[in-house]
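Asker: Handing over start13.txt, compact mmCIF, C-alpha atoms.
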# COMPACT_ATOMS: atom_id res chain seq x y z
CA MET A 1 20.56 -27.66 10.10
CA ARG A 2 22.70 -25.05 8.34
CA LEU A 3 20.60 -23.06 5.91
CA GLU A 4 23.63 -21.90 3.94
CA ASN A 5 24.63 -25.47 3.12
CA ILE A 6 21.11 -26.53 2.22
CA LEU A 7 20.71 -23.46 0.04
CA GLU A 8 23.80 -24.33 -1.98
CA GLU A 9 22.47 -27.83 -2.62
CA VAL A 10 19.07 -26.53 -3.69
CA LYS A 11 20.67 -24.00 -6.05
CA VAL A 12 22.50 -26.80 -7.85
CA LEU A 13 19.33 -28.88 -7.98
CA ALA A 14 17.20 -26.02 -9.35
CA ALA A 15 19.71 -25.23 -12.08
CA GLU A 16 19.90 -28.90 -13.10
CA ALA A 17 16.10 -29.10 -13.21
CA GLY A 18 16.07 -25.98 -15.34
CA GLU A 19 18.51 -27.51 -17.80
CA PHE A 20 16.26 -30.58 -18.04
CA ILE A 21 13.32 -28.29 -18.90
CA ALA A 22 15.40 -26.45 -21.52
CA GLU A 23 16.40 -29.75 -23.15
CA GLN A 24 12.78 -30.96 -23.21
CA ARG A 25 11.64 -27.70 -24.82
CA LEU A 26 13.82 -28.40 -27.88
CA ASN A 27 11.61 -31.33 -28.94
CA PHE A 28 8.47 -30.66 -26.92
CA ASP A 29 5.40 -32.73 -27.84
CA THR A 30 2.35 -30.45 -27.53
CA SER A 31 -0.02 -33.40 -28.06
CA LYS A 32 0.80 -34.58 -24.52
CA VAL A 33 -0.40 -31.41 -22.79
CA GLU A 34 -3.23 -31.97 -20.29
CA THR A 35 -5.85 -29.48 -19.05
CA LYS A 36 -6.20 -29.29 -15.25
CA HIS A 37 -8.81 -26.54 -15.26
CA SER A 38 -10.03 -24.07 -17.85
CA HIS A 39 -6.90 -22.59 -19.48
CA ASP A 40 -4.70 -24.19 -16.80
CA TYR A 41 -2.29 -26.73 -18.28
CA VAL A 42 0.21 -29.38 -17.25
CA SER A 43 2.70 -31.32 -19.36
CA TYR A 44 4.75 -34.48 -18.96
CA VAL A 45 7.72 -32.14 -18.43
CA ASP A 46 6.10 -30.63 -15.29
CA LYS A 47 5.47 -34.06 -13.81
CA GLU A 48 8.84 -35.61 -14.61
CA CYS A 49 10.69 -32.52 -13.40
CA GLU A 50 8.77 -32.63 -10.12
CA ARG A 51 9.61 -36.31 -9.60
CA ARG A 52 13.31 -35.55 -10.08
CA ILE A 53 13.25 -32.58 -7.72
CA VAL A 54 11.36 -34.46 -5.01
CA ALA A 55 13.77 -37.41 -5.16
CA ARG A 56 16.75 -35.11 -4.63
CA LEU A 57 15.09 -33.07 -1.88
CA LYS A 58 14.35 -36.27 0.04
CA GLU A 59 18.12 -36.85 0.16
CA ILE A 60 18.80 -33.35 1.51
CA ILE A 61 16.26 -33.48 4.40
CA PRO A 62 14.80 -37.00 4.62
CA GLU A 63 12.21 -36.09 7.27
CA ALA A 64 10.77 -33.07 5.42
CA GLY A 65 7.29 -33.09 3.90
CA PHE A 66 6.10 -31.61 0.61
CA ILE A 67 3.58 -29.26 -0.92
CA THR A 68 3.88 -29.65 -4.69
CA GLU A 69 1.80 -28.43 -7.58
CA GLU A 70 1.60 -31.70 -9.50
CA ASN A 71 1.02 -34.02 -6.51
CA THR A 72 3.63 -36.57 -7.52
CA VAL A 73 4.42 -37.13 -3.83
CA GLU A 74 2.32 -37.47 -0.69
CA GLN A 75 1.60 -33.99 0.65
CA LYS A 76 2.67 -32.80 4.11
CA THR A 77 0.66 -33.50 7.26
CA GLU A 78 -0.03 -31.17 10.18
CA SER A 79 2.75 -32.82 12.22
CA THR A 80 5.45 -32.12 9.62
CA GLU A 81 8.05 -29.70 11.04
CA TYR A 82 9.83 -28.86 7.77
CA TYR A 83 8.43 -29.04 4.29
CA TRP A 84 9.38 -28.17 0.75
CA ILE A 85 7.11 -26.10 -1.48
CA VAL A 86 7.78 -26.99 -5.12
CA ASP A 87 6.61 -25.73 -8.48
CA PRO A 88 8.62 -27.70 -11.04
CA LEU A 89 7.60 -25.46 -13.93
CA ASP A 90 6.01 -22.11 -13.13
CA GLY A 91 4.77 -20.58 -16.37
CA THR A 92 3.64 -23.78 -18.09
CA THR A 93 1.53 -21.89 -20.63
CA ASN A 94 4.60 -19.87 -21.61
CA PHE A 95 6.64 -23.07 -21.86
CA ILE A 96 4.05 -24.74 -24.07
CA HIS A 97 4.04 -21.76 -26.45
CA ASP A 98 7.85 -21.34 -26.29
CA LEU A 99 7.57 -17.91 -24.68
CA ALA A 100 9.68 -16.51 -21.83
CA PRO A 101 9.73 -16.64 -18.89
CA TYR A 102 9.27 -19.94 -17.09
CA CYS A 103 11.10 -21.27 -14.08
CA VAL A 104 11.79 -23.88 -11.41
CA SER A 105 10.75 -22.86 -7.91
CA ILE A 106 11.75 -24.47 -4.59
CA ALA A 107 11.16 -23.14 -1.07
CA LEU A 108 11.79 -24.62 2.38
CA ARG A 109 9.39 -23.76 5.18
CA ASN A 110 8.79 -24.70 8.79
CA ASN A 111 5.57 -24.13 10.69
CA GLN A 112 6.46 -20.49 11.32
CA GLU A 113 8.07 -19.07 8.19
CA ILE A 114 9.76 -19.61 4.85
CA LEU A 115 13.44 -20.35 5.43
CA LEU A 116 14.86 -20.28 1.93
CA GLY A 117 13.82 -19.86 -1.68
CA VAL A 118 15.41 -20.66 -5.03
CA VAL A 119 14.06 -19.76 -8.46
CA TYR A 120 15.81 -20.70 -11.70
CA GLU A 121 14.47 -18.80 -14.71
CA VAL A 122 15.19 -21.16 -17.58
CA THR A 123 15.20 -18.93 -20.66
CA ARG A 124 17.73 -16.43 -19.25
CA LYS A 125 19.63 -18.88 -17.00
CA GLU A 126 19.02 -16.61 -14.03
CA LEU A 127 19.42 -18.20 -10.60
CA TYR A 128 17.68 -16.26 -7.82
CA SER A 129 18.23 -17.39 -4.25
CA ALA A 130 17.75 -16.32 -0.64
CA ALA A 131 17.87 -17.69 2.89
CA LYS A 132 16.33 -15.93 5.85
CA GLY A 133 18.77 -13.39 7.24
CA PHE A 134 21.38 -13.91 4.50
CA GLY A 135 20.11 -11.59 1.74
CA ALA A 136 18.92 -12.29 -1.81
CA TYR A 137 21.09 -12.93 -4.85
CA LEU A 138 20.94 -13.26 -8.63
CA ASN A 139 23.77 -15.39 -10.01
CA GLY A 140 25.82 -14.45 -6.94
CA ILE A 141 25.13 -10.70 -7.09
CA LYS A 142 23.22 -9.22 -4.15
CA LEU A 143 19.74 -7.88 -4.88
CA GLN A 144 17.97 -4.76 -3.72
CA VAL A 145 14.45 -3.58 -4.61
CA SER A 146 13.99 -0.32 -6.49
CA GLY A 147 13.74 3.08 -4.86
CA ILE A 148 10.69 4.18 -6.85
CA SER A 149 8.17 5.87 -4.54
CA ASN A 150 5.78 7.51 -7.01
CA LEU A 151 3.13 5.46 -8.79
CA ASP A 152 3.58 7.43 -12.01
CA GLU A 153 7.15 6.09 -12.26
CA ALA A 154 6.31 2.50 -11.30
CA LEU A 155 6.43 -0.46 -13.65
CA VAL A 156 3.53 -2.67 -12.57
CA MET A 157 2.98 -6.37 -13.27
CA ILE A 158 -0.47 -7.88 -12.96
CA GLY A 159 -1.23 -11.58 -12.95
CA TYR A 160 -4.47 -12.62 -14.65
CA PRO A 161 -5.87 -15.66 -12.78
CA TYR A 162 -7.35 -18.70 -14.49
CA ASN A 163 -10.51 -18.22 -12.42
CA ALA A 164 -11.66 -15.46 -14.76
CA ASP A 165 -15.33 -15.45 -13.76
CA ALA A 166 -14.48 -14.55 -10.18
CA TRP A 167 -11.74 -12.00 -10.89
CA ARG A 168 -12.57 -10.43 -14.28
CA GLU A 169 -14.08 -7.24 -12.87
CA PHE A 170 -11.27 -6.75 -10.37
CA CYS A 171 -8.57 -7.13 -13.04
CA LEU A 172 -10.40 -4.80 -15.40
CA ASN A 173 -10.90 -2.24 -12.62
CA MET A 174 -7.22 -2.34 -11.68
CA THR A 175 -6.17 -1.96 -15.30
CA ARG A 176 -8.48 1.03 -15.74
CA GLN A 177 -7.16 2.62 -12.55
CA LEU A 178 -3.49 2.15 -13.35
CA TYR A 179 -3.38 2.53 -17.14
CA GLY A 180 -1.94 5.95 -17.89
CA ARG A 181 -1.09 6.58 -14.22
CA CYS A 182 2.02 4.41 -13.94
CA ALA A 183 5.07 3.90 -16.14
CA SER A 184 3.42 0.88 -17.75
CA ILE A 185 1.54 -2.36 -17.02
CA ARG A 186 2.86 -5.81 -17.90
CA SER A 187 1.95 -9.48 -17.39
CA ASN A 188 4.56 -12.18 -17.96
CA GLY A 189 2.73 -15.37 -16.98
CA SER A 190 5.04 -16.56 -14.18
CA ALA A 191 4.35 -15.42 -10.63
CA GLU A 192 7.68 -16.56 -9.23
CA THR A 193 9.71 -14.67 -11.82
CA GLU A 194 7.59 -11.57 -11.28
CA LEU A 195 8.50 -11.63 -7.59
CA CYS A 196 12.16 -12.14 -8.48
CA TYR A 197 12.10 -9.26 -10.97
CA LEU A 198 10.65 -7.14 -8.17
CA ALA A 199 13.46 -8.22 -5.85
CA ALA A 200 16.00 -7.28 -8.53
CA GLY A 201 14.51 -3.82 -9.03
CA LYS A 202 13.42 -4.60 -12.59
CA ILE A 203 9.79 -3.85 -11.71
CA ASP A 204 8.18 -2.06 -8.77
CA VAL A 205 4.77 -3.70 -8.15
CA TYR A 206 3.22 -7.13 -8.72
CA PHE A 207 -0.20 -8.42 -7.73
CA GLU A 208 -2.30 -11.47 -8.51
CA SER A 209 -5.46 -13.20 -7.31
CA PHE A 210 -6.34 -16.91 -7.03
CA ILE A 211 -2.69 -17.73 -6.34
CA GLN A 212 -1.33 -20.88 -4.68
CA PRO A 213 1.57 -21.32 -2.19
CA TRP A 214 3.84 -22.98 -4.76
CA ASP A 215 3.36 -19.99 -7.09
CA VAL A 216 4.91 -17.50 -4.68
CA ALA A 217 6.72 -19.09 -1.71
CA ALA A 218 10.27 -19.03 -3.07
CA GLY A 219 9.87 -15.65 -4.73
CA ALA A 220 8.43 -14.16 -1.55
CA CYS A 221 11.51 -15.21 0.43
CA ILE A 222 13.78 -13.69 -2.21
CA LEU A 223 11.73 -10.48 -2.32
CA LYS A 224 11.70 -9.97 1.44
CA GLU A 225 15.45 -10.58 1.70
CA ALA A 226 15.91 -7.91 -1.00
CA GLY A 227 13.96 -5.37 1.06
CA GLY A 228 10.51 -5.73 -0.51
CA LYS A 229 7.10 -6.26 1.03
CA ILE A 230 4.35 -8.82 0.37
CA SER A 231 0.83 -9.11 1.80
CA ASP A 232 -2.71 -10.05 0.92
CA TYR A 233 -5.11 -7.45 -0.46
CA ALA A 234 -6.06 -6.32 3.04
CA GLY A 235 -2.43 -5.77 3.99
CA GLY A 236 -2.11 -8.90 6.16
CA ASP A 237 1.53 -9.95 6.40
CA ASP A 238 0.69 -13.46 7.60
CA LYS A 239 -2.29 -14.31 5.38
CA TRP A 240 -1.05 -14.02 1.81
CA GLU A 241 0.28 -17.58 1.54
CA ASN A 242 -3.10 -19.26 1.92
CA GLY A 243 -5.43 -16.38 1.12
CA HIS A 244 -4.97 -16.66 -2.66
CA GLN A 245 -4.27 -12.92 -2.95
CA VAL A 246 -0.79 -11.41 -3.28
CA ILE A 247 0.30 -7.80 -3.54
CA ALA A 248 4.07 -7.34 -3.62
CA THR A 249 6.01 -4.10 -3.90
CA ASN A 250 9.36 -2.48 -3.22
CA GLY A 251 7.82 -1.42 0.12
CA LEU A 252 7.66 2.26 -0.77
CA LEU A 253 4.58 1.74 -2.95
CA HIS A 254 2.75 -0.75 -0.75
CA GLU A 255 0.25 1.51 0.99
CA SER A 256 -0.71 3.37 -2.19
CA MET A 257 -1.22 0.07 -4.03
CA LEU A 258 -3.39 -1.30 -1.22
CA LYS A 259 -5.64 1.74 -1.66
CA GLU A 260 -5.90 1.09 -5.40
CA ILE A 261 -6.81 -2.54 -4.72
CA GLN A 262 -9.50 -1.61 -2.23
CA LYS A 263 -11.05 0.79 -4.75
CA ALA A 264 -11.04 -1.92 -7.43
CA MET A 265 -12.81 -4.39 -5.15
CA LEU A 266 -15.77 -2.10 -4.37
Can you present the structure in this file as structure tokens?
Answerer:
Amino acid sequence: MRLENILEEVKVLAAEAGEFIAEQRLNFDTSKVETKHSHDYVSYVDKECERRIVARLKEIIPEAGFITEENTVEQKTESTEYYWIVDPLDGTTNFIHDLAPYCVSIALRNNQEILLGVVYEVTRKELYSAAKGFGAYLNGIKLQVSGISNLDEALVMIGYPYNADAWREFCLNMTRQLYGRCASIRSNGSAETELCYLAAGKIDVYFESFIQPWDVAAGACILKEAGGKISDYAGGDDKWENGHQVIATNGLLHESMLKEIQKAML
């Protein structure tokens, strides 16, 4: 299995899925939006886009399993060697309200690690991609994280989880701690694009709680190939995928941000 060849196929697929989303947005029917959980939405566009992506991925690696957000396909079993992690529309709330950004996200993983990641940000037609050991790219241009090492110069992005009752105090504490001490604080509503912006050096820190594998898998691959670092809130390199906590930085700011997180959780 040649990762470079698979990556090229997935890049084409992600861009085509993104164009489908853009077309649907032109005449989007908000009456067909469903609520999965409190303030957590899904649309017919999410589901149809996932079906299309899954059908194409089955052609690329027929034996691979799936972890998908909308469950339009049987999910992987413990015996599955390779599996795709798919979020057909990350940033659904943004999409519903016609706000940027929102994206298509596809990652390939085996039982040890993420092998490749592709994110297509629809509103700016930005195609982010990476394969393990081959670097990270935006529309063919190689990416590198920022060189910011001081918190007072860092642009920080925070994700506000839907599970507000569990994480309200933490988010408020982090905002209090960082507001006025960093360049600024932002939240854009799409975890995958936040990781890609970090990989591209557009921002310097991103963190979010109550996160799922499909929210971050592709972006994490892209970030690491661009020289960044990702972990859970305790600094565990191998626990962030299933621990529902992600702190991602350019690497230079990681230890200082872990200290801020620990203070906020007291």
Asker: Using only C-alpha atoms, which residues of range 197-253 of chain A come within 12 Å of range 132-146 of chain A, and what is the closest atom pair for each, with the distance in Å to one decimal? Give it as JSON lines, sorted by chain and residue number.
Answerer:
{"residue": "A:Tyr197", "atom": "CA", "partner": "A:Val145", "partner_atom": "CA", "distance": 8.8}
{"residue": "A:Leu198", "atom": "CA", "partner": "A:Val145", "partner_atom": "CA", "distance": 6.3}
{"residue": "A:Ala199", "atom": "CA", "partner": "A:Val145", "partner_atom": "CA", "distance": 4.9}
{"residue": "A:Ala200", "atom": "CA", "partner": "A:Leu143", "partner_atom": "CA", "distance": 5.3}
{"residue": "A:Gly201", "atom": "CA", "partner": "A:Ser146", "partner_atom": "CA", "distance": 4.4}
{"residue": "A:Lys202", "atom": "CA", "partner": "A:Ser146", "partner_atom": "CA", "distance": 7.5}
{"residue": "A:Ile203", "atom": "CA", "partner": "A:Ser146", "partner_atom": "CA", "distance": 7.6}
{"residue": "A:Asp204", "atom": "CA", "partner": "A:Ser146", "partner_atom": "CA", "distance": 6.5}
{"residue": "A:Val205", "atom": "CA", "partner": "A:Ser146", "partner_atom": "CA", "distance": 10.0}
{"residue": "A:Ala218", "atom": "CA", "partner": "A:Ala136", "partner_atom": "CA", "distance": 11.0}
{"residue": "A:Gly219", "atom": "CA", "partner": "A:Ala136", "partner_atom": "CA", "distance": 10.1}
{"residue": "A:Ala220", "atom": "CA", "partner": "A:Ala136", "partner_atom": "CA", "distance": 10.7}
{"residue": "A:Cys221", "atom": "CA", "partner": "A:Lys132", "partner_atom": "CA", "distance": 7.3}
{"residue": "A:Ile222", "atom": "CA", "partner": "A:Ala136", "partner_atom": "CA", "distance": 5.3}
{"residue": "A:Leu223", "atom": "CA", "partner": "A:Ala136", "partner_atom": "CA", "distance": 7.4}
{"residue": "A:Lys224", "atom": "CA", "partner": "A:Ala136", "partner_atom": "CA", "distance": 8.3}
{"residue": "A:Glu225", "atom": "CA", "partner": "A:Gly135", "partner_atom": "CA", "distance": 4.8}
{"residue": "A:Ala226", "atom": "CA", "partner": "A:Gln144", "partner_atom": "CA", "distance": 4.6}
{"residue": "A:Gly227", "atom": "CA", "partner": "A:Val145", "partner_atom": "CA", "distance": 6.0}
{"residue": "A:Gly228", "atom": "CA", "partner": "A:Val145", "partner_atom": "CA", "distance": 6.1}
{"residue": "A:Lys229", "atom": "CA", "partner": "A:Val145", "partner_atom": "CA", "distance": 9.6}
{"residue": "A:Ala248", "atom": "CA", "partner": "A:Val145", "partner_atom": "CA", "distance": 11.1}
{"residue": "A:Thr249", "atom": "CA", "partner": "A:Val145", "partner_atom": "CA", "distance": 8.5}
{"residue": "A:Asn250", "atom": "CA", "partner": "A:Val145", "partner_atom": "CA", "distance": 5.4}
{"residue": "A:Gly251", "atom": "CA", "partner": "A:Val145", "partner_atom": "CA", "distance": 8.4}
{"residue": "A:Leu252", "atom": "CA", "partner": "A:Ser146", "partner_atom": "CA", "distance": 8.9}
{"residue": "A:Leu253", "atom": "CA", "partner": "A:Ser146", "partner_atom": "CA", "distance": 10.3}
Asker: State, in Å with one decimal place, the distance from CA of Glu50 in chain A to CA of Ile114 in chain A.
Answerer: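 A separation of 19.9 Å between them.
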Asker: CA of Ile230 in chain A to CA of Val54 in chain A: how many Å, to one decimal?
Answerer: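 CA of Val54 in chain A lies 27.1 Å from CA of Ile230 in chain A.
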Asker: Please report as a tab-separated table every residue of range 116-225 of chain A lying within 10 Å of range 241-245 of chain A, along with the nearest atom pair and their distance in Å (one decimal), using all atoms listed in the file.
Answerer:
residue	atom	partner	partner_atom	distance
A:Phe207	CA	A:Gln245	CA	7.7
A:Glu208	CA	A:Gln245	CA	6.1
A:Ser209	CA	A:Gln245	CA	4.5
A:Phe210	CA	A:His244	CA	4.6
A:Ile211	CA	A:His244	CA	4.5
A:Gln212	CA	A:His244	CA	5.9
A:Pro213	CA	A:Glu241	CA	5.4
A:Trp214	CA	A:Glu241	CA	9.0
A:Asp215	CA	A:Glu241	CA	9.5
A:Val216	CA	A:Glu241	CA	7.8
A:Ala217	CA	A:Glu241	CA	7.4
A:Ala220	CA	A:Glu241	CA	9.4
Asker: Using all atoms listed in the file, collect all residues at a distance of at most 12 Å from (0.4, -7.8, -13.8) as written in the file, then present them as a tab-separated table (two decimals) with C-alpha atoms, in the coordinates of the input.
Answerer:
chain	number	residue	atom	x	y	z
A	155	LEU	CA	6.43	-0.46	-13.65
A	156	VAL	CA	3.53	-2.67	-12.57
A	157	MET	CA	2.98	-6.37	-13.27
A	158	ILE	CA	-0.47	-7.88	-12.96
A	159	GLY	CA	-1.23	-11.58	-12.95
A	160	TYR	CA	-4.47	-12.62	-14.65
A	161	PRO	CA	-5.87	-15.66	-12.78
A	171	CYS	CA	-8.57	-7.13	-13.04
A	172	LEU	CA	-10.40	-4.80	-15.40
A	174	MET	CA	-7.22	-2.34	-11.68
A	175	THR	CA	-6.17	-1.96	-15.30
A	178	LEU	CA	-3.49	2.15	-13.35
A	179	TYR	CA	-3.38	2.53	-17.14
A	184	SER	CA	3.42	0.88	-17.75
A	185	ILE	CA	1.54	-2.36	-17.02
A	186	ARG	CA	2.86	-5.81	-17.90
A	187	SER	CA	1.95	-9.48	-17.39
A	188	ASN	CA	4.56	-12.18	-17.96
A	189	GLY	CA	2.73	-15.37	-16.98
A	190	SER	CA	5.04	-16.56	-14.18
A	191	ALA	CA	4.35	-15.42	-10.63
A	193	THR	CA	9.71	-14.67	-11.82
A	194	GLU	CA	7.59	-11.57	-11.28
A	195	LEU	CA	8.50	-11.63	-7.59
A	198	LEU	CA	10.65	-7.14	-8.17
A	203	ILE	CA	9.79	-3.85	-11.71
A	204	ASP	CA	8.18	-2.06	-8.77
A	205	VAL	CA	4.77	-3.70	-8.15
A	206	TYR	CA	3.22	-7.13	-8.72
A	207	PHE	CA	-0.20	-8.42	-7.73
A	208	GLU	CA	-2.30	-11.47	-8.51
A	209	SER	CA	-5.46	-13.20	-7.31
A	246	VAL	CA	-0.79	-11.41	-3.28
A	247	ILE	CA	0.30	-7.80	-3.54
A	248	ALA	CA	4.07	-7.34	-3.62
A	249	THR	CA	6.01	-4.10	-3.90
Asker: Figure out the distance between CA of Tyr128 in chain A and CA of Cys196 in chain A, please, to one decimal in Å.
Answerer: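 A separation of 6.9 Å between them.
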Asker: Out of A:Glu126, A:Glu255, A:Glu74, A:Glu81, which residue has the shortest atom-to-atom distance to Leu108 in chain A when counting only C-alpha atoms?
Answerer: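 Nearest candidate to Leu108 in chain A out of A:Glu126, A:Glu255, A:Glu74, A:Glu81: A:Glu81.
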Asker: Neighbours of Thr92 in chain A within 10 Å (all atoms listed in the file; same-chain residues fewer than 2 positions away dropped), as a PyMOL selection string?
Answerer: chain A and resi 33+40-43+45-46+88-90+94-99+101-103+189-190
Asker: Would you save the residues from that selection as a tab-separated table (two decimals), keeping the file's coordinate frame, using C-alpha atoms?
Answerer:
chain	number	residue	atom	x	y	z
A	33	VAL	CA	-0.40	-31.41	-22.79
A	40	ASP	CA	-4.70	-24.19	-16.80
A	41	TYR	CA	-2.29	-26.73	-18.28
A	42	VAL	CA	0.21	-29.38	-17.25
A	43	SER	CA	2.70	-31.32	-19.36
A	45	VAL	CA	7.72	-32.14	-18.43
A	46	ASP	CA	6.10	-30.63	-15.29
A	88	PRO	CA	8.62	-27.70	-11.04
A	89	LEU	CA	7.60	-25.46	-13.93
A	90	ASP	CA	6.01	-22.11	-13.13
A	94	ASN	CA	4.60	-19.87	-21.61
A	95	PHE	CA	6.64	-23.07	-21.86
A	96	ILE	CA	4.05	-24.74	-24.07
A	97	HIS	CA	4.04	-21.76	-26.45
A	98	ASP	CA	7.85	-21.34	-26.29
A	99	LEU	CA	7.57	-17.91	-24.68
A	101	PRO	CA	9.73	-16.64	-18.89
A	102	TYR	CA	9.27	-19.94	-17.09
A	103	CYS	CA	11.10	-21.27	-14.08
A	189	GLY	CA	2.73	-15.37	-16.98
A	190	SER	CA	5.04	-16.56	-14.18
Asker: Using only C-alpha atoms, which of A:Arg181, A:Glu9, A:Tyr120, A:Asp165 sits nearest Arg56 in chain A?
Answerer: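 Looking only at the distances to Arg56 in chain A, the closest residue turns out to be A:Glu9.
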Asker: Between A:Ala22, A:Ala55, A:Ala264, A:Val118, which has the minimum distance to Ile6 in chain A (counting all atoms listed in the file)?
Answerer: A:Val118
